[in-house]
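Worksheet: one structure, shown below.
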Amino acid sequence: MARVLSGEEVVGVVDNTDELGDENCTILAFRTTQTPTYTIKAQGLPRFEWYAVSGLLQTIGEDTSTKDCGMVSVRNIGGASHGLQIIVTGDALERNLFQPQIVYVVDTDHMLEHTTIDHKDAYILTLPALTIPAGLADPFSSWQAEPGQLDKAMNADSATRITVLIGGQGKAIGSGTLSITLIPLANPEQGQYTCTCPVVIKEPGDDGSSTVLMIPGPQ
C-alpha cells in the first residue's frame, strides 16, 4: 500500500542493500516542499514593535560619537511602505542636559545621517522617502527555523528592522531620559512606537563605569 507524504517529495533513491544485508531494503531521501515561513512577508499597513534600546553616556561639552549615541531599534510587523518621522522629547531636553544634533538612520544596507530640526521642546525629523521594509507574516518564524536555515532566517528578521541613533552635545552634568518615537507615515496613529532611553552627562575624567545604560526590555 502506498503512503502519501504531505509537503515532502522524494529527491533520490539510495540502494544500500550490501550495507544493510537486506536486498528488499531501499532508502529514500526526502526534502520539504513547503515554503519557509520566514520568507513570507507581512501585508497591510506598517506597524512597529520594540526590538532593542540602549542609553547615551557622554562627557559634558563633547559631541557624541556614533558609539556613544542613544539607540532605538524597532522592527516592522506590517507591510512595506515609505516615510518615517522621528520625534525626540524627554526631560533631558527640558532640563537642557542634552541637545540632539544628528540622527543616524540604519537599515540593512545603509547608515544615513540627518540633521535634526528643533521644534521648541521636541526635535522632529521627517523622512518622506525612506523605505520601510515589510515585516514577516510570522514575526517569530526566524527563531523557529531549522538549523540549516538559521542564517537565512536571521537575515530575513534583520531586514525588517529600522535602527535610529541619536547624537548631540552634553550641556549640563546630570541624568535624564530621551523618549524617541518612530512613526511610519503610512500608519501614524496605530503604527508608531516610543522607546525611552537613559541619558547620562558626566564630568571629564568620569568613565561612567558605575552607570548601567542598557535597557533589557520595552519601555
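A note on labels: chains of the C-alpha cells are A, B, ... as shown, every chain counts residues from 1, and ligands are counted from 1 in their shown order.
Residues of region 140-200 of chain A that DSSP places in alpha helix (DSSP H), based on the backbone of this structure, are Leu150, Asp151, Lys152, Ala153, Met154, Asn155, Ala156, Asp157, Ser158, Pro188, Glu189, Gln190 and Gly191 of chain A.
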Print the selection's residues with N, CA, C and O atoms to a file, as a short mmCIF file (atom, residue, chain, number, x, y, z; two decimals), in the first residue's frame.
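Output file again04.cif follows:
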data_model
loop_
_atom_site.label_atom_id
_atom_site.label_comp_id
_atom_site.auth_asym_id
_atom_site.auth_seq_id
_atom_site.Cartn_x
_atom_site.Cartn_y
_atom_site.Cartn_z
N LEU A 150 19.06 28.66 9.60
CA LEU A 150 19.04 29.69 10.64
C LEU A 150 19.66 31.01 10.18
O LEU A 150 19.13 32.09 10.46
N ASP A 151 20.78 30.95 9.45
CA ASP A 151 21.41 32.19 8.98
C ASP A 151 20.48 32.96 8.06
O ASP A 151 20.33 34.19 8.18
N LYS A 152 19.85 32.27 7.12
CA LYS A 152 18.91 32.94 6.21
C LYS A 152 17.72 33.51 6.98
O LYS A 152 17.25 34.61 6.68
N ALA A 153 17.26 32.78 7.97
CA ALA A 153 16.12 33.24 8.76
C ALA A 153 16.48 34.48 9.57
O ALA A 153 15.70 35.44 9.65
N MET A 154 17.68 34.50 10.17
CA MET A 154 18.11 35.66 10.94
C MET A 154 18.30 36.89 10.04
O MET A 154 17.98 38.01 10.43
N ASN A 155 18.80 36.67 8.83
CA ASN A 155 18.94 37.78 7.88
C ASN A 155 17.58 38.33 7.49
O ASN A 155 17.41 39.55 7.32
N ALA A 156 16.61 37.44 7.32
CA ALA A 156 15.25 37.88 6.99
C ALA A 156 14.66 38.71 8.13
O ALA A 156 13.98 39.72 7.90
N ASP A 157 14.93 38.31 9.36
CA ASP A 157 14.46 39.06 10.52
C ASP A 157 15.16 40.43 10.59
O ASP A 157 14.52 41.46 10.85
N SER A 158 16.47 40.46 10.35
CA SER A 158 17.21 41.72 10.39
C SER A 158 16.70 42.72 9.37
O SER A 158 16.72 43.93 9.60
N PRO A 188 0.33 56.48 10.95
CA PRO A 188 0.92 57.22 12.07
C PRO A 188 0.30 56.94 13.43
O PRO A 188 1.01 56.92 14.44
N GLU A 189 -0.99 56.71 13.50
CA GLU A 189 -1.64 56.53 14.80
C GLU A 189 -1.41 55.13 15.36
O GLU A 189 -1.03 54.97 16.52
N GLN A 190 -1.65 54.11 14.54
CA GLN A 190 -1.58 52.73 15.01
C GLN A 190 -0.20 52.12 14.87
O GLN A 190 0.11 51.12 15.55
N GLY A 191 0.63 52.67 14.00
CA GLY A 191 1.91 52.03 13.71
C GLY A 191 3.09 52.53 14.50
O GLY A 191 4.15 51.90 14.48
#
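Closest approach to Gly70 (chain A) among A:Leu185, A:Gly167, A:Thr194, A:Arg47: A:Gly167, based on only C-alpha atoms.
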Contact residues around Gln192 (chain A) with only C-alpha atoms at 8 Å, ignoring same-chain residues under 4 positions, as a PyMOL selection string: chain A and resi 47-48+181-184+187-188
Among listed residues A:Leu136, A:Leu130, A:Ile124, A:Ile162, nearest Thr37 (chain A) (using only C-alpha atoms): A:Leu136
Residue contacts of Ala52 (chain A) (7 Å, only C-alpha atoms) excluding same-chain residues fewer than 4 positions away, as a PyMOL selection string: chain A and resi 72-74
Could you please take those selected residues and save all heavy atoms as a PDB file, in the first residue's frame?
ATOM      1  N   VAL A  72      17.718  53.288  19.417  1.00  0.00           N
ATOM      2  CA  VAL A  72      16.428  52.618  19.441  1.00  0.00           C
ATOM      3  C   VAL A  72      16.309  51.801  18.170  1.00  0.00           C
ATOM      4  O   VAL A  72      16.611  52.287  17.078  1.00  0.00           O
ATOM      5  CB  VAL A  72      15.265  53.630  19.518  1.00  0.00           C
ATOM      6  CG1 VAL A  72      13.941  52.952  19.206  1.00  0.00           C
ATOM      7  CG2 VAL A  72      15.214  54.274  20.884  1.00  0.00           C
ATOM      8  N   SER A  73      15.887  50.552  18.317  1.00  0.00           N
ATOM      9  CA  SER A  73      15.694  49.693  17.154  1.00  0.00           C
ATOM     10  C   SER A  73      14.297  49.084  17.235  1.00  0.00           C
ATOM     11  O   SER A  73      13.909  48.541  18.269  1.00  0.00           O
ATOM     12  CB  SER A  73      16.756  48.579  17.117  1.00  0.00           C
ATOM     13  OG  SER A  73      16.630  47.802  15.940  1.00  0.00           O
ATOM     14  N   VAL A  74      13.544  49.217  16.146  1.00  0.00           N
ATOM     15  CA  VAL A  74      12.216  48.609  16.057  1.00  0.00           C
ATOM     16  C   VAL A  74      12.198  47.676  14.855  1.00  0.00           C
ATOM     17  O   VAL A  74      13.053  47.751  13.970  1.00  0.00           O
ATOM     18  CB  VAL A  74      11.105  49.675  15.898  1.00  0.00           C
ATOM     19  CG1 VAL A  74      11.049  50.582  17.107  1.00  0.00           C
ATOM     20  CG2 VAL A  74      11.286  50.481  14.611  1.00  0.00           C
TER      21      VAL A  74
END
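In this structure, CA of Thr39 (chain A) sits 11.9 Å away from CA of Phe140 (chain A).
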For Gly176 (chain A): contacts at 6 Å, only C-alpha atoms, fewer than 6 positions along chain excluded, given as a PyMOL selection string: chain A and resi 91-92+198-199
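Comparing A:Ile132, A:Met71, A:Gln149, A:Lys202 by their smallest distance to Leu97 (chain A), the closest is A:Lys202 (using only C-alpha atoms).
Between Gln101 (chain A) and the candidates A:Pro139, A:Gly83, A:Pro128, A:Gly170, the tightest atom-to-atom separation, counting only C-alpha atoms, involves A:Gly170.
Residue nearest Glu94 (chain A) within the list A:Tyr123, A:Trp50, A:Tyr38, A:Tyr193: A:Tyr123 [criterion: smallest interatomic distance, only C-alpha atoms].
Near Ile77 (chain A), within 10 Å and counting only C-alpha atoms, sit Lys41, Ala42, Gln43, Gly44, Leu45, Pro46, Arg47, Phe48, Glu49, Pro133, Ala134, Gly135, Leu136, Ala137, Asp138, Pro139, Thr160, Arg161 and Gly191 of chain A; same-chain residues fewer than 4 positions away were not included.
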From a backbone DSSP assignment, name each residue in region 59-193 of chain A labelled strand (DSSP E), as a PDB file with N, CA and C atoms, in the first residue's frame.
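So the final result, stored in selection-v7.pdb, reads:
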ATOM      1  N   THR A  59      30.456  62.870  27.884  1.00  0.00           N
ATOM      2  CA  THR A  59      31.146  63.882  28.685  1.00  0.00           C
ATOM      3  C   THR A  59      30.599  65.264  28.324  1.00  0.00           C
ATOM      4  N   GLY A  70      22.566  57.431  21.791  1.00  0.00           N
ATOM      5  CA  GLY A  70      21.399  56.694  22.233  1.00  0.00           C
ATOM      6  C   GLY A  70      20.830  55.935  21.050  1.00  0.00           C
ATOM      7  N   MET A  71      20.355  54.728  21.284  1.00  0.00           N
ATOM      8  CA  MET A  71      19.929  53.864  20.175  1.00  0.00           C
ATOM      9  C   MET A  71      18.558  53.264  20.443  1.00  0.00           C
ATOM     10  N   VAL A  72      17.718  53.288  19.417  1.00  0.00           N
ATOM     11  CA  VAL A  72      16.428  52.618  19.441  1.00  0.00           C
ATOM     12  C   VAL A  72      16.309  51.801  18.170  1.00  0.00           C
ATOM     13  N   SER A  73      15.887  50.552  18.317  1.00  0.00           N
ATOM     14  CA  SER A  73      15.694  49.693  17.154  1.00  0.00           C
ATOM     15  C   SER A  73      14.297  49.084  17.235  1.00  0.00           C
ATOM     16  N   VAL A  74      13.544  49.217  16.146  1.00  0.00           N
ATOM     17  CA  VAL A  74      12.216  48.609  16.057  1.00  0.00           C
ATOM     18  C   VAL A  74      12.198  47.676  14.855  1.00  0.00           C
ATOM     19  N   ARG A  75      11.216  46.795  14.844  1.00  0.00           N
ATOM     20  CA  ARG A  75      11.009  46.004  13.642  1.00  0.00           C
ATOM     21  C   ARG A  75       9.576  46.204  13.180  1.00  0.00           C
ATOM     22  N   ASN A  76       9.412  46.155  11.873  1.00  0.00           N
ATOM     23  CA  ASN A  76       8.092  46.300  11.280  1.00  0.00           C
ATOM     24  C   ASN A  76       7.399  44.945  11.281  1.00  0.00           C
ATOM     25  N   SER A  81       6.269  50.114   3.207  1.00  0.00           N
ATOM     26  CA  SER A  81       5.745  51.447   2.887  1.00  0.00           C
ATOM     27  C   SER A  81       6.909  52.415   2.749  1.00  0.00           C
ATOM     28  N   HIS A  82       6.598  53.680   2.638  1.00  0.00           N
ATOM     29  CA  HIS A  82       7.607  54.747   2.605  1.00  0.00           C
ATOM     30  C   HIS A  82       7.225  55.839   3.599  1.00  0.00           C
ATOM     31  N   GLY A  83       8.242  56.452   4.176  1.00  0.00           N
ATOM     32  CA  GLY A  83       8.029  57.603   5.041  1.00  0.00           C
ATOM     33  C   GLY A  83       8.155  57.300   6.512  1.00  0.00           C
ATOM     34  N   LEU A  84       9.048  58.034   7.184  1.00  0.00           N
ATOM     35  CA  LEU A  84       9.299  57.856   8.618  1.00  0.00           C
ATOM     36  C   LEU A  84       9.446  59.216   9.273  1.00  0.00           C
ATOM     37  N   GLN A  85       8.831  59.360  10.438  1.00  0.00           N
ATOM     38  CA  GLN A  85       9.040  60.561  11.250  1.00  0.00           C
ATOM     39  C   GLN A  85       9.629  60.147  12.595  1.00  0.00           C
ATOM     40  N   ILE A  86      10.618  60.913  13.042  1.00  0.00           N
ATOM     41  CA  ILE A  86      11.296  60.654  14.309  1.00  0.00           C
ATOM     42  C   ILE A  86      11.081  61.866  15.211  1.00  0.00           C
ATOM     43  N   ILE A  87      10.555  61.640  16.403  1.00  0.00           N
ATOM     44  CA  ILE A  87      10.324  62.714  17.364  1.00  0.00           C
ATOM     45  C   ILE A  87      11.091  62.392  18.647  1.00  0.00           C
ATOM     46  N   VAL A  88      11.907  63.338  19.082  1.00  0.00           N
ATOM     47  CA  VAL A  88      12.708  63.164  20.294  1.00  0.00           C
ATOM     48  C   VAL A  88      12.245  64.172  21.338  1.00  0.00           C
ATOM     49  N   THR A  89      11.813  63.661  22.495  1.00  0.00           N
ATOM     50  CA  THR A  89      11.387  64.512  23.605  1.00  0.00           C
ATOM     51  C   THR A  89      12.045  63.975  24.884  1.00  0.00           C
ATOM     52  N   PHE A  98      20.985  67.808  27.452  1.00  0.00           N
ATOM     53  CA  PHE A  98      21.477  67.260  26.194  1.00  0.00           C
ATOM     54  C   PHE A  98      20.765  67.938  25.028  1.00  0.00           C
ATOM     55  N   GLN A  99      21.544  68.227  23.990  1.00  0.00           N
ATOM     56  CA  GLN A  99      20.982  68.838  22.784  1.00  0.00           C
ATOM     57  C   GLN A  99      21.217  67.920  21.586  1.00  0.00           C
ATOM     58  N   PRO A 100      20.172  67.280  21.066  1.00  0.00           N
ATOM     59  CA  PRO A 100      20.349  66.440  19.872  1.00  0.00           C
ATOM     60  C   PRO A 100      20.800  67.288  18.682  1.00  0.00           C
ATOM     61  N   GLN A 101      21.746  66.752  17.940  1.00  0.00           N
ATOM     62  CA  GLN A 101      22.259  67.472  16.776  1.00  0.00           C
ATOM     63  C   GLN A 101      22.240  66.622  15.506  1.00  0.00           C
ATOM     64  N   ILE A 102      22.261  65.321  15.669  1.00  0.00           N
ATOM     65  CA  ILE A 102      22.365  64.457  14.492  1.00  0.00           C
ATOM     66  C   ILE A 102      21.571  63.183  14.721  1.00  0.00           C
ATOM     67  N   VAL A 103      20.996  62.669  13.672  1.00  0.00           N
ATOM     68  CA  VAL A 103      20.263  61.405  13.721  1.00  0.00           C
ATOM     69  C   VAL A 103      20.824  60.489  12.650  1.00  0.00           C
ATOM     70  N   TYR A 104      21.173  59.285  13.045  1.00  0.00           N
ATOM     71  CA  TYR A 104      21.594  58.267  12.085  1.00  0.00           C
ATOM     72  C   TYR A 104      20.469  57.241  11.958  1.00  0.00           C
ATOM     73  N   VAL A 105      20.027  57.005  10.735  1.00  0.00           N
ATOM     74  CA  VAL A 105      19.003  56.004  10.477  1.00  0.00           C
ATOM     75  C   VAL A 105      19.681  54.832   9.775  1.00  0.00           C
ATOM     76  N   VAL A 106      19.582  53.655  10.375  1.00  0.00           N
ATOM     77  CA  VAL A 106      20.301  52.481   9.881  1.00  0.00           C
ATOM     78  C   VAL A 106      19.288  51.445   9.406  1.00  0.00           C
ATOM     79  N   MET A 111      23.755  53.431   6.518  1.00  0.00           N
ATOM     80  CA  MET A 111      23.608  54.317   7.664  1.00  0.00           C
ATOM     81  C   MET A 111      23.481  55.728   7.093  1.00  0.00           C
ATOM     82  N   LEU A 112      22.316  56.339   7.250  1.00  0.00           N
ATOM     83  CA  LEU A 112      22.035  57.650   6.693  1.00  0.00           C
ATOM     84  C   LEU A 112      22.110  58.697   7.794  1.00  0.00           C
ATOM     85  N   GLU A 113      22.790  59.786   7.515  1.00  0.00           N
ATOM     86  CA  GLU A 113      22.978  60.843   8.502  1.00  0.00           C
ATOM     87  C   GLU A 113      22.060  62.013   8.176  1.00  0.00           C
ATOM     88  N   HIS A 114      21.366  62.524   9.203  1.00  0.00           N
ATOM     89  CA  HIS A 114      20.437  63.635   9.009  1.00  0.00           C
ATOM     90  C   HIS A 114      20.612  64.631  10.151  1.00  0.00           C
ATOM     91  N   THR A 115      20.432  65.909   9.849  1.00  0.00           N
ATOM     92  CA  THR A 115      20.434  66.940  10.878  1.00  0.00           C
ATOM     93  C   THR A 115      19.039  67.038  11.478  1.00  0.00           C
ATOM     94  N   ILE A 117      15.779  68.774  13.430  1.00  0.00           N
ATOM     95  CA  ILE A 117      15.079  70.048  13.348  1.00  0.00           C
ATOM     96  C   ILE A 117      14.495  70.363  14.716  1.00  0.00           C
ATOM     97  N   ASP A 118      14.751  71.561  15.217  1.00  0.00           N
ATOM     98  CA  ASP A 118      14.310  71.951  16.551  1.00  0.00           C
ATOM     99  C   ASP A 118      12.887  72.486  16.491  1.00  0.00           C
ATOM    100  N   HIS A 119      11.978  71.865  17.254  1.00  0.00           N
ATOM    101  CA  HIS A 119      10.611  72.350  17.386  1.00  0.00           C
ATOM    102  C   HIS A 119      10.333  72.592  18.860  1.00  0.00           C
ATOM    103  N   ALA A 122      10.718  69.693  21.411  1.00  0.00           N
ATOM    104  CA  ALA A 122      10.925  68.406  20.748  1.00  0.00           C
ATOM    105  C   ALA A 122      11.809  68.603  19.532  1.00  0.00           C
ATOM    106  N   TYR A 123      12.499  67.551  19.157  1.00  0.00           N
ATOM    107  CA  TYR A 123      13.281  67.537  17.929  1.00  0.00           C
ATOM    108  C   TYR A 123      12.588  66.581  16.965  1.00  0.00           C
ATOM    109  N   ILE A 124      12.276  67.090  15.785  1.00  0.00           N
ATOM    110  CA  ILE A 124      11.473  66.330  14.828  1.00  0.00           C
ATOM    111  C   ILE A 124      12.215  66.232  13.506  1.00  0.00           C
ATOM    112  N   LEU A 125      12.257  65.030  12.979  1.00  0.00           N
ATOM    113  CA  LEU A 125      12.858  64.788  11.667  1.00  0.00           C
ATOM    114  C   LEU A 125      11.880  63.951  10.854  1.00  0.00           C
ATOM    115  N   THR A 126      11.522  64.431   9.663  1.00  0.00           N
ATOM    116  CA  THR A 126      10.596  63.722   8.782  1.00  0.00           C
ATOM    117  C   THR A 126      11.320  63.320   7.512  1.00  0.00           C
ATOM    118  N   LEU A 127      11.230  62.034   7.190  1.00  0.00           N
ATOM    119  CA  LEU A 127      11.911  61.467   6.025  1.00  0.00           C
ATOM    120  C   LEU A 127      10.855  60.797   5.137  1.00  0.00           C
ATOM    121  N   PRO A 128      10.201  61.569   4.263  1.00  0.00           N
ATOM    122  CA  PRO A 128       9.073  61.024   3.498  1.00  0.00           C
ATOM    123  C   PRO A 128       9.460  59.951   2.489  1.00  0.00           C
ATOM    124  N   ALA A 129      10.710  59.928   2.043  1.00  0.00           N
ATOM    125  CA  ALA A 129      11.114  58.962   1.015  1.00  0.00           C
ATOM    126  C   ALA A 129      11.762  57.703   1.585  1.00  0.00           C
ATOM    127  N   LEU A 130      11.965  57.652   2.900  1.00  0.00           N
ATOM    128  CA  LEU A 130      12.651  56.497   3.484  1.00  0.00           C
ATOM    129  C   LEU A 130      11.820  55.227   3.304  1.00  0.00           C
ATOM    130  N   THR A 131      12.459  54.170   2.833  1.00  0.00           N
ATOM    131  CA  THR A 131      11.773  52.890   2.651  1.00  0.00           C
ATOM    132  C   THR A 131      11.650  52.156   3.977  1.00  0.00           C
ATOM    133  N   ILE A 132      10.440  51.740   4.288  1.00  0.00           N
ATOM    134  CA  ILE A 132      10.195  50.893   5.458  1.00  0.00           C
ATOM    135  C   ILE A 132       9.992  49.473   4.952  1.00  0.00           C
ATOM    136  N   ARG A 161      14.055  45.476  10.339  1.00  0.00           N
ATOM    137  CA  ARG A 161      14.347  46.434  11.403  1.00  0.00           C
ATOM    138  C   ARG A 161      14.739  47.816  10.863  1.00  0.00           C
ATOM    139  N   ILE A 162      14.443  48.812  11.678  1.00  0.00           N
ATOM    140  CA  ILE A 162      14.955  50.172  11.482  1.00  0.00           C
ATOM    141  C   ILE A 162      15.577  50.602  12.799  1.00  0.00           C
ATOM    142  N   THR A 163      16.815  51.061  12.739  1.00  0.00           N
ATOM    143  CA  THR A 163      17.540  51.494  13.932  1.00  0.00           C
ATOM    144  C   THR A 163      17.855  52.979  13.822  1.00  0.00           C
ATOM    145  N   VAL A 164      17.632  53.693  14.903  1.00  0.00           N
ATOM    146  CA  VAL A 164      17.883  55.138  14.941  1.00  0.00           C
ATOM    147  C   VAL A 164      18.884  55.426  16.057  1.00  0.00           C
ATOM    148  N   LEU A 165      19.948  56.149  15.717  1.00  0.00           N
ATOM    149  CA  LEU A 165      20.943  56.600  16.687  1.00  0.00           C
ATOM    150  C   LEU A 165      20.799  58.108  16.858  1.00  0.00           C
ATOM    151  N   ILE A 166      20.772  58.570  18.096  1.00  0.00           N
ATOM    152  CA  ILE A 166      20.631  59.994  18.397  1.00  0.00           C
ATOM    153  C   ILE A 166      21.944  60.497  18.974  1.00  0.00           C
ATOM    154  N   GLY A 167      22.555  61.458  18.294  1.00  0.00           N
ATOM    155  CA  GLY A 167      23.796  62.062  18.762  1.00  0.00           C
ATOM    156  C   GLY A 167      23.607  63.545  19.014  1.00  0.00           C
ATOM    157  N   GLY A 168      24.512  64.121  19.793  1.00  0.00           N
ATOM    158  CA  GLY A 168      24.391  65.550  20.076  1.00  0.00           C
ATOM    159  C   GLY A 168      25.470  66.001  21.034  1.00  0.00           C
ATOM    160  N   GLN A 169      25.142  66.968  21.885  1.00  0.00           N
ATOM    161  CA  GLN A 169      26.131  67.542  22.792  1.00  0.00           C
ATOM    162  C   GLN A 169      25.583  67.614  24.206  1.00  0.00           C
ATOM    163  N   GLY A 170      26.406  67.182  25.169  1.00  0.00           N
ATOM    164  CA  GLY A 170      26.048  67.326  26.573  1.00  0.00           C
ATOM    165  C   GLY A 170      26.138  68.780  26.996  1.00  0.00           C
ATOM    166  N   GLY A 174      24.438  65.601  34.646  1.00  0.00           N
ATOM    167  CA  GLY A 174      23.237  65.037  35.250  1.00  0.00           C
ATOM    168  C   GLY A 174      22.736  63.852  34.454  1.00  0.00           C
ATOM    169  N   SER A 175      21.593  63.345  34.857  1.00  0.00           N
ATOM    170  CA  SER A 175      20.992  62.212  34.158  1.00  0.00           C
ATOM    171  C   SER A 175      19.517  62.476  33.910  1.00  0.00           C
ATOM    172  N   GLY A 176      19.021  61.918  32.836  1.00  0.00           N
ATOM    173  CA  GLY A 176      17.618  62.089  32.470  1.00  0.00           C
ATOM    174  C   GLY A 176      17.232  61.044  31.445  1.00  0.00           C
ATOM    175  N   THR A 177      16.211  61.331  30.670  1.00  0.00           N
ATOM    176  CA  THR A 177      15.738  60.390  29.665  1.00  0.00           C
ATOM    177  C   THR A 177      15.433  61.098  28.355  1.00  0.00           C
ATOM    178  N   LEU A 178      15.504  60.332  27.288  1.00  0.00           N
ATOM    179  CA  LEU A 178      15.004  60.741  25.986  1.00  0.00           C
ATOM    180  C   LEU A 178      13.912  59.765  25.585  1.00  0.00           C
ATOM    181  N   SER A 179      12.809  60.293  25.106  1.00  0.00           N
ATOM    182  CA  SER A 179      11.762  59.463  24.516  1.00  0.00           C
ATOM    183  C   SER A 179      11.850  59.623  23.000  1.00  0.00           C
ATOM    184  N   ILE A 180      12.058  58.512  22.326  1.00  0.00           N
ATOM    185  CA  ILE A 180      12.252  58.519  20.879  1.00  0.00           C
ATOM    186  C   ILE A 180      11.077  57.787  20.242  1.00  0.00           C
ATOM    187  N   THR A 181      10.297  58.518  19.472  1.00  0.00           N
ATOM    188  CA  THR A 181       9.121  57.955  18.808  1.00  0.00           C
ATOM    189  C   THR A 181       9.390  57.803  17.324  1.00  0.00           C
ATOM    190  N   LEU A 182       9.166  56.602  16.820  1.00  0.00           N
ATOM    191  CA  LEU A 182       9.307  56.320  15.395  1.00  0.00           C
ATOM    192  C   LEU A 182       7.909  56.127  14.817  1.00  0.00           C
ATOM    193  N   ILE A 183       7.587  56.896  13.788  1.00  0.00           N
ATOM    194  CA  ILE A 183       6.230  56.930  13.250  1.00  0.00           C
ATOM    195  C   ILE A 183       6.260  56.605  11.751  1.00  0.00           C
ATOM    196  N   PRO A 184       5.646  55.507  11.326  1.00  0.00           N
ATOM    197  CA  PRO A 184       5.515  55.268   9.891  1.00  0.00           C
ATOM    198  C   PRO A 184       4.434  56.193   9.334  1.00  0.00           C
ATOM    199  N   TYR A 193       5.794  53.698  17.505  1.00  0.00           N
ATOM    200  CA  TYR A 193       6.304  53.091  18.733  1.00  0.00           C
ATOM    201  C   TYR A 193       7.250  54.069  19.415  1.00  0.00           C
TER     202      TYR A 193
END
